[in-house]
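> File model.pdb follows (PDB, C-alpha atoms, pLDDT in the B column):
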```
ATOM      1  CA  MET U   1       7.031 -27.293  12.898  1.00 48.00           C
ATOM      2  CA  ALA U   2      10.310 -25.771  11.725  1.00 51.00           C
ATOM      3  CA  TYR U   3      10.520 -23.156   9.006  1.00 56.00           C
ATOM      4  CA  LYS U   4      13.458 -22.257   6.805  1.00 68.00           C
ATOM      5  CA  THR U   5      15.162 -19.068   7.927  1.00 72.00           C
ATOM      6  CA  ILE U   6      14.966 -16.238   5.411  1.00 73.00           C
ATOM      7  CA  HIS U   7      17.962 -13.954   5.568  1.00 79.00           C
ATOM      8  CA  GLY U   8      17.823 -10.367   4.490  1.00 83.00           C
ATOM      9  CA  GLU U   9      17.470  -6.752   5.519  1.00 87.00           C
ATOM     10  CA  HIS U  10      14.824  -4.115   5.126  1.00 88.00           C
ATOM     11  CA  LEU U  11      15.274  -1.326   2.612  1.00 88.00           C
ATOM     12  CA  SER U  12      13.330   1.644   3.923  1.00 87.00           C
ATOM     13  CA  ILE U  13      11.152   3.804   1.709  1.00 86.00           C
ATOM     14  CA  TYR U  14      13.690   6.611   2.172  1.00 88.00           C
ATOM     15  CA  GLU U  15      16.561   4.369   1.060  1.00 89.00           C
ATOM     16  CA  ILE U  16      14.731   3.155  -2.033  1.00 89.00           C
ATOM     17  CA  GLU U  17      13.851   6.723  -3.003  1.00 88.00           C
ATOM     18  CA  HIS U  18      17.528   7.697  -2.893  1.00 90.00           C
ATOM     19  CA  LEU U  19      18.969   4.768  -4.854  1.00 90.00           C
ATOM     20  CA  ASP U  20      20.346   5.251  -8.342  1.00 92.00           C
ATOM     21  CA  THR U  21      17.943   4.708 -11.240  1.00 94.00           C
ATOM     22  CA  LEU U  22      19.197   1.241 -12.210  1.00 93.00           C
ATOM     23  CA  SER U  23      18.911  -0.054  -8.635  1.00 93.00           C
ATOM     24  CA  ARG U  24      15.372   1.301  -8.344  1.00 94.00           C
ATOM     25  CA  VAL U  25      14.388  -0.377 -11.617  1.00 95.00           C
ATOM     26  CA  LYS U  26      15.881  -3.665 -10.414  1.00 95.00           C
ATOM     27  CA  ILE U  27      13.912  -3.470  -7.175  1.00 94.00           C
ATOM     28  CA  ALA U  28      10.734  -2.489  -9.025  1.00 96.00           C
ATOM     29  CA  GLU U  29      11.064  -5.485 -11.353  1.00 96.00           C
ATOM     30  CA  GLN U  30      11.367  -7.903  -8.444  1.00 96.00           C
ATOM     31  CA  LEU U  31       8.407  -6.401  -6.593  1.00 96.00           C
ATOM     32  CA  GLY U  32       6.302  -6.553  -9.757  1.00 97.00           C
ATOM     33  CA  ASN U  33       7.199 -10.191 -10.382  1.00 97.00           C
ATOM     34  CA  PHE U  34       6.446 -11.138  -6.775  1.00 96.00           C
ATOM     35  CA  LEU U  35       3.031  -9.480  -6.903  1.00 97.00           C
ATOM     36  CA  LYS U  36       2.248 -11.047 -10.278  1.00 97.00           C
ATOM     37  CA  ASN U  37       2.954 -14.518  -8.878  1.00 96.00           C
ATOM     38  CA  LEU U  38       1.045 -13.866  -5.657  1.00 96.00           C
ATOM     39  CA  HIS U  39      -2.034 -12.462  -7.370  1.00 97.00           C
ATOM     40  CA  ASN U  40      -2.161 -15.454  -9.715  1.00 96.00           C
ATOM     41  CA  PHE U  41      -1.850 -17.933  -6.846  1.00 95.00           C
ATOM     42  CA  SER U  42      -5.040 -19.694  -5.786  1.00 92.00           C
ATOM     43  CA  ASP U  43      -6.060 -21.395  -2.561  1.00 94.00           C
ATOM     44  CA  ASP U  44      -9.659 -22.452  -1.955  1.00 93.00           C
ATOM     45  CA  ASN U  45      -9.121 -22.053   1.795  1.00 94.00           C
ATOM     46  CA  ILE U  46      -8.580 -18.317   1.409  1.00 93.00           C
ATOM     47  CA  ASN U  47     -12.101 -17.118   0.706  1.00 92.00           C
ATOM     48  CA  PHE U  48     -12.293 -14.169   3.100  1.00 90.00           C
ATOM     49  CA  PRO U  49     -11.300 -10.481   2.977  1.00 87.00           C
ATOM     50  CA  PRO U  50      -8.230  -9.051   4.743  1.00 84.00           C
ATOM     51  CA  GLU U  51      -9.050  -8.123   8.319  1.00 73.00           C
ATOM     52  CA  TYR U  52      -7.993  -4.527   8.639  1.00 62.00           C
ATOM     53  CA  PHE U  53      -8.169  -2.751   5.307  1.00 64.00           C
ATOM     54  CA  MET U  54     -10.434   0.259   5.230  1.00 60.00           C
ATOM     55  CA  MET U  55     -11.958  -0.891   1.972  1.00 59.00           C
ATOM     56  CA  VAL U  56     -13.561  -3.550   4.158  1.00 54.00           C
ATOM     57  CA  ARG U  57     -14.402  -1.156   6.985  1.00 57.00           C
ATOM     58  CA  ASP U  58     -15.991   1.333   4.581  1.00 62.00           C
ATOM     59  CA  TYR U  59     -13.931   4.168   6.086  1.00 58.00           C
ATOM     60  CA  TYR U  60     -13.668   5.873   2.729  1.00 59.00           C
ATOM     61  CA  ASN U  61     -17.241   7.074   3.241  1.00 63.00           C
ATOM     62  CA  SER U  62     -16.533   8.686   6.599  1.00 64.00           C
ATOM     63  CA  TYR U  63     -13.017   9.036   7.965  1.00 70.00           C
ATOM     64  CA  PRO U  64     -12.454   9.227  11.756  1.00 75.00           C
ATOM     65  CA  LYS U  65     -13.748  12.339  13.513  1.00 79.00           C
ATOM     66  CA  GLN U  66     -10.397  13.028  15.187  1.00 83.00           C
ATOM     67  CA  ILE U  67      -8.768  13.278  11.765  1.00 87.00           C
ATOM     68  CA  PHE U  68     -11.597  15.424  10.406  1.00 86.00           C
ATOM     69  CA  ASP U  69     -11.337  17.823  13.359  1.00 89.00           C
ATOM     70  CA  SER U  70      -7.569  18.116  12.869  1.00 91.00           C
ATOM     71  CA  LEU U  71      -7.795  19.240   9.243  1.00 92.00           C
ATOM     72  CA  ASP U  72      -8.396  22.770   8.049  1.00 94.00           C
ATOM     73  CA  ALA U  73     -10.934  23.607   5.345  1.00 95.00           C
ATOM     74  CA  ASP U  74      -8.480  23.229   2.457  1.00 95.00           C
ATOM     75  CA  GLU U  75      -7.204  19.895   3.765  1.00 94.00           C
ATOM     76  CA  ARG U  76     -10.748  18.592   4.184  1.00 92.00           C
ATOM     77  CA  LYS U  77     -11.547  19.571   0.616  1.00 93.00           C
ATOM     78  CA  ILE U  78      -8.545  17.622  -0.674  1.00 93.00           C
ATOM     79  CA  MET U  79      -9.525  14.607   1.419  1.00 90.00           C
ATOM     80  CA  ASP U  80     -13.108  14.782   0.198  1.00 89.00           C
ATOM     81  CA  ASN U  81     -11.921  14.879  -3.407  1.00 91.00           C
ATOM     82  CA  LYS U  82      -9.689  11.872  -2.818  1.00 90.00           C
ATOM     83  CA  PHE U  83     -12.549   9.863  -1.326  1.00 88.00           C
ATOM     84  CA  LYS U  84     -14.830  10.886  -4.191  1.00 89.00           C
ATOM     85  CA  ALA U  85     -12.248   9.571  -6.652  1.00 91.00           C
ATOM     86  CA  ILE U  86     -12.189   6.231  -4.823  1.00 90.00           C
ATOM     87  CA  LYS U  87     -15.978   5.986  -4.670  1.00 88.00           C
ATOM     88  CA  ASN U  88     -16.363   6.937  -8.333  1.00 91.00           C
ATOM     89  CA  ASN U  89     -13.931   4.285  -9.585  1.00 92.00           C
ATOM     90  CA  ASP U  90     -15.846   1.098 -10.392  1.00 91.00           C
ATOM     91  CA  ARG U  91     -12.609  -0.913 -10.265  1.00 92.00           C
ATOM     92  CA  ASN U  92     -12.645  -0.542  -6.483  1.00 90.00           C
ATOM     93  CA  PHE U  93     -15.920  -2.404  -6.112  1.00 88.00           C
ATOM     94  CA  ILE U  94     -15.527  -5.496  -8.263  1.00 88.00           C
ATOM     95  CA  THR U  95     -15.904  -8.868  -6.579  1.00 88.00           C
ATOM     96  CA  PRO U  96     -12.317  -9.716  -5.579  1.00 85.00           C
ATOM     97  CA  THR U  97     -10.884 -13.026  -6.767  1.00 86.00           C
ATOM     98  CA  ALA U  98      -7.164 -12.494  -6.097  1.00 94.00           C
ATOM     99  CA  ILE U  99      -5.267 -13.302  -2.919  1.00 95.00           C
ATOM    100  CA  ILE U 100      -3.340 -10.287  -1.663  1.00 95.00           C
ATOM    101  CA  HIS U 101      -0.698  -9.977   1.047  1.00 93.00           C
ATOM    102  CA  SER U 102      -2.414  -6.842   2.403  1.00 90.00           C
ATOM    103  CA  ASN U 103       0.507  -5.766   4.591  1.00 89.00           C
ATOM    104  CA  LEU U 104       3.287  -5.334   2.061  1.00 90.00           C
ATOM    105  CA  HIS U 105       5.178  -2.747   4.069  1.00 88.00           C
ATOM    106  CA  TYR U 106       8.939  -2.442   3.634  1.00 89.00           C
ATOM    107  CA  LYS U 107       9.478  -4.102   7.032  1.00 89.00           C
ATOM    108  CA  ASN U 108       7.926  -7.277   5.632  1.00 91.00           C
ATOM    109  CA  ILE U 109      10.245  -7.367   2.600  1.00 92.00           C
ATOM    110  CA  LEU U 110      13.749  -8.810   2.976  1.00 91.00           C
ATOM    111  CA  TRP U 111      16.549  -7.850   0.597  1.00 92.00           C
ATOM    112  CA  ASP U 112      20.158  -8.742  -0.052  1.00 90.00           C
ATOM    113  CA  ARG U 113      21.262  -5.165   0.448  1.00 87.00           C
ATOM    114  CA  GLU U 114      24.429  -5.356  -1.654  1.00 85.00           C
ATOM    115  CA  LYS U 115      22.903  -7.164  -4.629  1.00 86.00           C
ATOM    116  CA  LYS U 116      19.518  -5.410  -4.327  1.00 85.00           C
ATOM    117  CA  LYS U 117      18.031  -8.896  -4.585  1.00 89.00           C
ATOM    118  CA  LEU U 118      14.659  -9.848  -3.108  1.00 90.00           C
ATOM    119  CA  ASN U 119      15.271 -12.657  -0.614  1.00 90.00           C
ATOM    120  CA  GLY U 120      11.754 -13.050   0.678  1.00 88.00           C
ATOM    121  CA  VAL U 121       8.489 -11.620   1.941  1.00 90.00           C
ATOM    122  CA  ILE U 122       7.249 -12.324   5.457  1.00 88.00           C
ATOM    123  CA  ASP U 123       4.110 -11.917   7.593  1.00 86.00           C
ATOM    124  CA  PHE U 124       1.261 -13.384   5.587  1.00 87.00           C
ATOM    125  CA  ALA U 125      -1.065 -13.196   8.593  1.00 84.00           C
ATOM    126  CA  GLN U 126      -3.384 -10.696   6.894  1.00 85.00           C
ATOM    127  CA  VAL U 127      -3.847 -12.409   3.515  1.00 92.00           C
ATOM    128  CA  GLY U 128      -7.296 -12.379   1.982  1.00 93.00           C
ATOM    129  CA  LEU U 129      -9.296 -11.764  -1.161  1.00 93.00           C
ATOM    130  CA  ALA U 130      -9.294  -8.132  -2.237  1.00 91.00           C
ATOM    131  CA  ILE U 131      -8.701  -5.884  -5.203  1.00 92.00           C
ATOM    132  CA  THR U 132      -5.076  -6.243  -6.255  1.00 95.00           C
ATOM    133  CA  ALA U 133      -4.390  -2.493  -6.249  1.00 94.00           C
ATOM    134  CA  MET U 134      -4.399  -2.531  -2.452  1.00 92.00           C
ATOM    135  CA  ASP U 135      -1.162  -4.540  -2.400  1.00 95.00           C
ATOM    136  CA  PHE U 136       0.764  -1.690  -4.014  1.00 96.00           C
ATOM    137  CA  ILE U 137      -0.101   1.227  -1.755  1.00 93.00           C
ATOM    138  CA  GLN U 138       2.335   0.413   1.080  1.00 90.00           C
ATOM    139  CA  LEU U 139       5.395  -0.176  -1.103  1.00 93.00           C
ATOM    140  CA  THR U 140       6.305   3.509  -0.941  1.00 90.00           C
ATOM    141  CA  ASN U 141       4.604   6.916  -0.918  1.00 89.00           C
ATOM    142  CA  PHE U 142       2.529   7.140  -4.088  1.00 92.00           C
ATOM    143  CA  ASN U 143       0.522  10.142  -2.845  1.00 91.00           C
ATOM    144  CA  THR U 144       2.720  12.545  -4.814  1.00 89.00           C
ATOM    145  CA  HIS U 145       4.348  12.315  -8.242  1.00 91.00           C
ATOM    146  CA  LYS U 146       7.807  11.651  -6.788  1.00 90.00           C
ATOM    147  CA  ASN U 147       7.581   7.868  -7.163  1.00 93.00           C
ATOM    148  CA  ASP U 148       5.404   7.663 -10.271  1.00 95.00           C
ATOM    149  CA  GLN U 149       8.164   6.149 -12.415  1.00 96.00           C
ATOM    150  CA  PHE U 150       8.913   3.572  -9.707  1.00 95.00           C
ATOM    151  CA  LEU U 151       5.257   2.534  -9.769  1.00 96.00           C
ATOM    152  CA  LYS U 152       5.266   2.366 -13.570  1.00 97.00           C
ATOM    153  CA  ASP U 153       8.338   0.111 -13.447  1.00 97.00           C
ATOM    154  CA  ILE U 154       6.626  -2.160 -10.905  1.00 97.00           C
ATOM    155  CA  LEU U 155       3.506  -2.377 -13.065  1.00 97.00           C
ATOM    156  CA  HIS U 156       5.576  -3.122 -16.163  1.00 97.00           C
ATOM    157  CA  ALA U 157       7.097  -6.162 -14.425  1.00 97.00           C
ATOM    158  CA  TYR U 158       3.659  -7.004 -13.036  1.00 97.00           C
ATOM    159  CA  GLY U 159       2.466  -7.252 -16.620  1.00 96.00           C
ATOM    160  CA  LYS U 160      -0.155  -4.516 -16.488  1.00 91.00           C
ATOM    161  CA  ASP U 161       0.918  -1.167 -17.832  1.00 82.00           C
ATOM    162  CA  GLU U 162      -2.587   0.192 -18.262  1.00 84.00           C
ATOM    163  CA  VAL U 163      -3.286   3.709 -17.086  1.00 94.00           C
ATOM    164  CA  GLU U 164      -6.403   2.549 -15.222  1.00 95.00           C
ATOM    165  CA  LEU U 165      -4.478   0.429 -12.698  1.00 96.00           C
ATOM    166  CA  PHE U 166      -1.850   3.137 -12.226  1.00 97.00           C
ATOM    167  CA  THR U 167      -4.584   5.698 -11.542  1.00 96.00           C
ATOM    168  CA  GLN U 168      -6.426   3.361  -9.186  1.00 96.00           C
ATOM    169  CA  ILE U 169      -3.311   2.756  -7.089  1.00 96.00           C
ATOM    170  CA  LYS U 170      -2.584   6.477  -6.930  1.00 96.00           C
ATOM    171  CA  GLU U 171      -6.131   7.188  -5.761  1.00 94.00           C
ATOM    172  CA  LEU U 172      -6.086   4.431  -3.144  1.00 93.00           C
ATOM    173  CA  SER U 173      -2.728   5.516  -1.720  1.00 93.00           C
ATOM    174  CA  ILE U 174      -4.418   7.941   0.667  1.00 91.00           C
ATOM    175  CA  LEU U 175      -5.748   4.876   2.493  1.00 89.00           C
ATOM    176  CA  GLU U 176      -2.211   3.808   3.442  1.00 89.00           C
ATOM    177  CA  PRO U 177      -1.777   6.313   6.300  1.00 90.00           C
ATOM    178  CA  LEU U 178      -5.411   5.894   7.300  1.00 88.00           C
ATOM    179  CA  ASN U 179      -4.957   2.143   7.682  1.00 85.00           C
ATOM    180  CA  TYR U 180      -2.181   2.841  10.153  1.00 86.00           C
ATOM    181  CA  TYR U 181      -4.420   5.287  11.986  1.00 89.00           C
ATOM    182  CA  TRP U 182      -7.040   2.580  12.359  1.00 84.00           C
ATOM    183  CA  TRP U 183      -4.402   0.137  13.630  1.00 84.00           C
ATOM    184  CA  TYR U 184      -3.186   2.635  16.262  1.00 90.00           C
ATOM    185  CA  GLU U 185      -6.784   3.396  17.191  1.00 88.00           C
ATOM    186  CA  LYS U 186      -7.593  -0.290  17.566  1.00 85.00           C
ATOM    187  CA  ASN U 187      -4.562  -0.798  19.828  1.00 91.00           C
ATOM    188  CA  ASN U 188      -5.208   2.349  21.893  1.00 95.00           C
ATOM    189  CA  MET U 189      -2.008   4.115  20.850  1.00 96.00           C
ATOM    190  CA  PRO U 190      -2.827   7.867  20.822  1.00 94.00           C
ATOM    191  CA  GLU U 191       0.760   8.897  20.054  1.00 96.00           C
ATOM    192  CA  GLY U 192       0.678   6.788  16.907  1.00 95.00           C
ATOM    193  CA  MET U 193      -2.685   8.269  15.933  1.00 93.00           C
ATOM    194  CA  GLU U 194      -1.299  11.792  16.313  1.00 94.00           C
ATOM    195  CA  LYS U 195       1.771  10.848  14.278  1.00 95.00           C
ATOM    196  CA  ILE U 196      -0.437   9.664  11.421  1.00 94.00           C
ATOM    197  CA  ILE U 197      -2.482  12.869  11.505  1.00 94.00           C
ATOM    198  CA  MET U 198       0.716  14.888  11.067  1.00 94.00           C
ATOM    199  CA  LYS U 199       1.845  12.582   8.250  1.00 93.00           C
ATOM    200  CA  LEU U 200      -1.531  12.958   6.584  1.00 93.00           C
ATOM    201  CA  LYS U 201      -1.386  16.758   6.772  1.00 93.00           C
ATOM    202  CA  THR U 202       2.080  16.654   5.173  1.00 93.00           C
ATOM    203  CA  ILE U 203       0.716  14.513   2.338  1.00 92.00           C
ATOM    204  CA  LEU U 204      -2.229  16.837   1.780  1.00 92.00           C
ATOM    205  CA  HIS U 205      -0.005  19.921   1.659  1.00 88.00           C
ATOM    206  CA  ALA U 206       2.186  18.225  -0.950  1.00 84.00           C
ATOM    207  CA  GLN U 207      -0.696  17.967  -3.413  1.00 72.00           C
TER     208      GLN U 207
END
```
Let me see whether you can do it: turn the structure in this file into structure tokens.


Amino acid sequence: MAYKTIHGEHLSIYEIEHLDTLSRVKIAEQLGNFLKNLHNFSDDNINFPPEYFMMVRDYYNSYPKQIFDSLDADERKIMDNKFKAIKNNDRNFITPTAIIHSNLHYKNILWDREKKKLNGVIDFAQVGLAITAMDFIQLTNFNTHKNDQFLKDILHAYGKDEVELFTQIKELSILEPLNYYWWYEKNNMPEGMEKIIMKLKTILHAQ
């Protein structure tokens, strides 16, 4: 079976963060519209959860020992508070009815770099039913306030400006680096695991 070639380039998180305001808004609008269409798409054959998200693995109750041992007391306290926020938010535990991409990392998004136009999204191998907020957490770093306006612009195009969804995505964003840790762990890649621990410590110190 032949598939149509999708042309485009990746725009890294760093690049998006350093674009001018109008370009960032344009990108946010396209991401929001894509997610709105995806999350309203239905397919009776997709009736299973994504394979690798920690919300499925229940990691938010007990993160990996190697990470725990690498954090100091202050960092552990911040992590514990973040997990408490996730566990105390009822929106995280509704029965999911929406299909999500579940791996919406910048390397799976293709852009016309000059026009800042979304050409396509690739790698739907991990699709499944899950809470829609999980599809936002890999778009960029939402663990600090730096990209809050970018997220608000995405949600405006998505059609849901409510504070509750914004807050939920912000709370769940800590799972983004931990998902990568699990992937490196699963594939026996200790260097990747160590890299994620350092990234996580940077995030925690930025709080």

> Taking the file as I've supplied it (selection: the PyMOL selection byres ((chain U and resi 132) around 8)), which residues are included? Please answer as number ranges by chain.

U: 39, 98-100, 130-131, 133-136

> Please report the interatomic distance between CA of Ile169 in chain U and CA of Asp112 in chain U in Å with one decimal.

27.1 Å

> Which one of U:Phe83, U:Gly128, U:Trp182, U:Lys116 sits closest to Asp43 in chain U if you count only C-alpha atoms?

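Checking each of U:Phe83, U:Gly128, U:Trp182, U:Lys116 against Asp43 in chain U, counting only C-alpha atoms, the winner is U:Gly128.
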
> Name the residues that the PyMOL selection byres ((chain U and resi 141-153) around 10) pulls out of this structure, and write them as a ChimeraX atom specification.

/U:13-14,16-17,21,24-32,136-140,154-163,165-166,169-177,203-204,206-207

> Which one of U:Trp183, U:Asn108, U:Asp74, U:Val127 sits closest to Asn47 in chain U if you count all atoms listed in the file?

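Distance minimum relative to Asn47 in chain U lands on U:Val127.
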
> Please measure the separation of CA of Leu129 in chain U and CA of Pro49 in chain U, giving the value in Å to one decimal.

4.8 Å

> Quick one: apply the PyMOL selection byres ((chain U and resi 8) around 12) to the file and drop the selected residues here as a PDB file with C-alpha atoms, in the frame of the given file.


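Done, and the output landed in selection-v8.pdb:
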```pdb
ATOM      1  CA  THR U   5      15.162 -19.068   7.927  1.00 72.00           C
ATOM      2  CA  ILE U   6      14.966 -16.238   5.411  1.00 73.00           C
ATOM      3  CA  HIS U   7      17.962 -13.954   5.568  1.00 79.00           C
ATOM      4  CA  GLU U   9      17.470  -6.752   5.519  1.00 87.00           C
ATOM      5  CA  HIS U  10      14.824  -4.115   5.126  1.00 88.00           C
ATOM      6  CA  LEU U  11      15.274  -1.326   2.612  1.00 88.00           C
ATOM      7  CA  TYR U 106       8.939  -2.442   3.634  1.00 89.00           C
ATOM      8  CA  LYS U 107       9.478  -4.102   7.032  1.00 89.00           C
ATOM      9  CA  ASN U 108       7.926  -7.277   5.632  1.00 91.00           C
ATOM     10  CA  ILE U 109      10.245  -7.367   2.600  1.00 92.00           C
ATOM     11  CA  LEU U 110      13.749  -8.810   2.976  1.00 91.00           C
ATOM     12  CA  TRP U 111      16.549  -7.850   0.597  1.00 92.00           C
ATOM     13  CA  ASP U 112      20.158  -8.742  -0.052  1.00 90.00           C
ATOM     14  CA  ARG U 113      21.262  -5.165   0.448  1.00 87.00           C
ATOM     15  CA  GLU U 114      24.429  -5.356  -1.654  1.00 85.00           C
ATOM     16  CA  LYS U 115      22.903  -7.164  -4.629  1.00 86.00           C
ATOM     17  CA  LYS U 116      19.518  -5.410  -4.327  1.00 85.00           C
ATOM     18  CA  LYS U 117      18.031  -8.896  -4.585  1.00 89.00           C
ATOM     19  CA  LEU U 118      14.659  -9.848  -3.108  1.00 90.00           C
ATOM     20  CA  ASN U 119      15.271 -12.657  -0.614  1.00 90.00           C
ATOM     21  CA  GLY U 120      11.754 -13.050   0.678  1.00 88.00           C
ATOM     22  CA  VAL U 121       8.489 -11.620   1.941  1.00 90.00           C
ATOM     23  CA  ILE U 122       7.249 -12.324   5.457  1.00 88.00           C
TER      24      ILE U 122
END
```

> Which of these, U:Lys65, U:Leu178, U:His105, U:His205, has the shortest distance to Gly192 in chain U once you count all atoms listed in the file?

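Closest to Gly192 in chain U, using all atoms listed in the file: U:Leu178.
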
> Kindly indicate which residue among U:Ile67, U:Leu104, U:Ala73, U:Ile86 lies nearest to Leu38 in chain U, using only C-alpha atoms for the distances.

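Between U:Ile67, U:Leu104, U:Ala73, U:Ile86, the residue approaching Leu38 in chain U most closely is U:Leu104.
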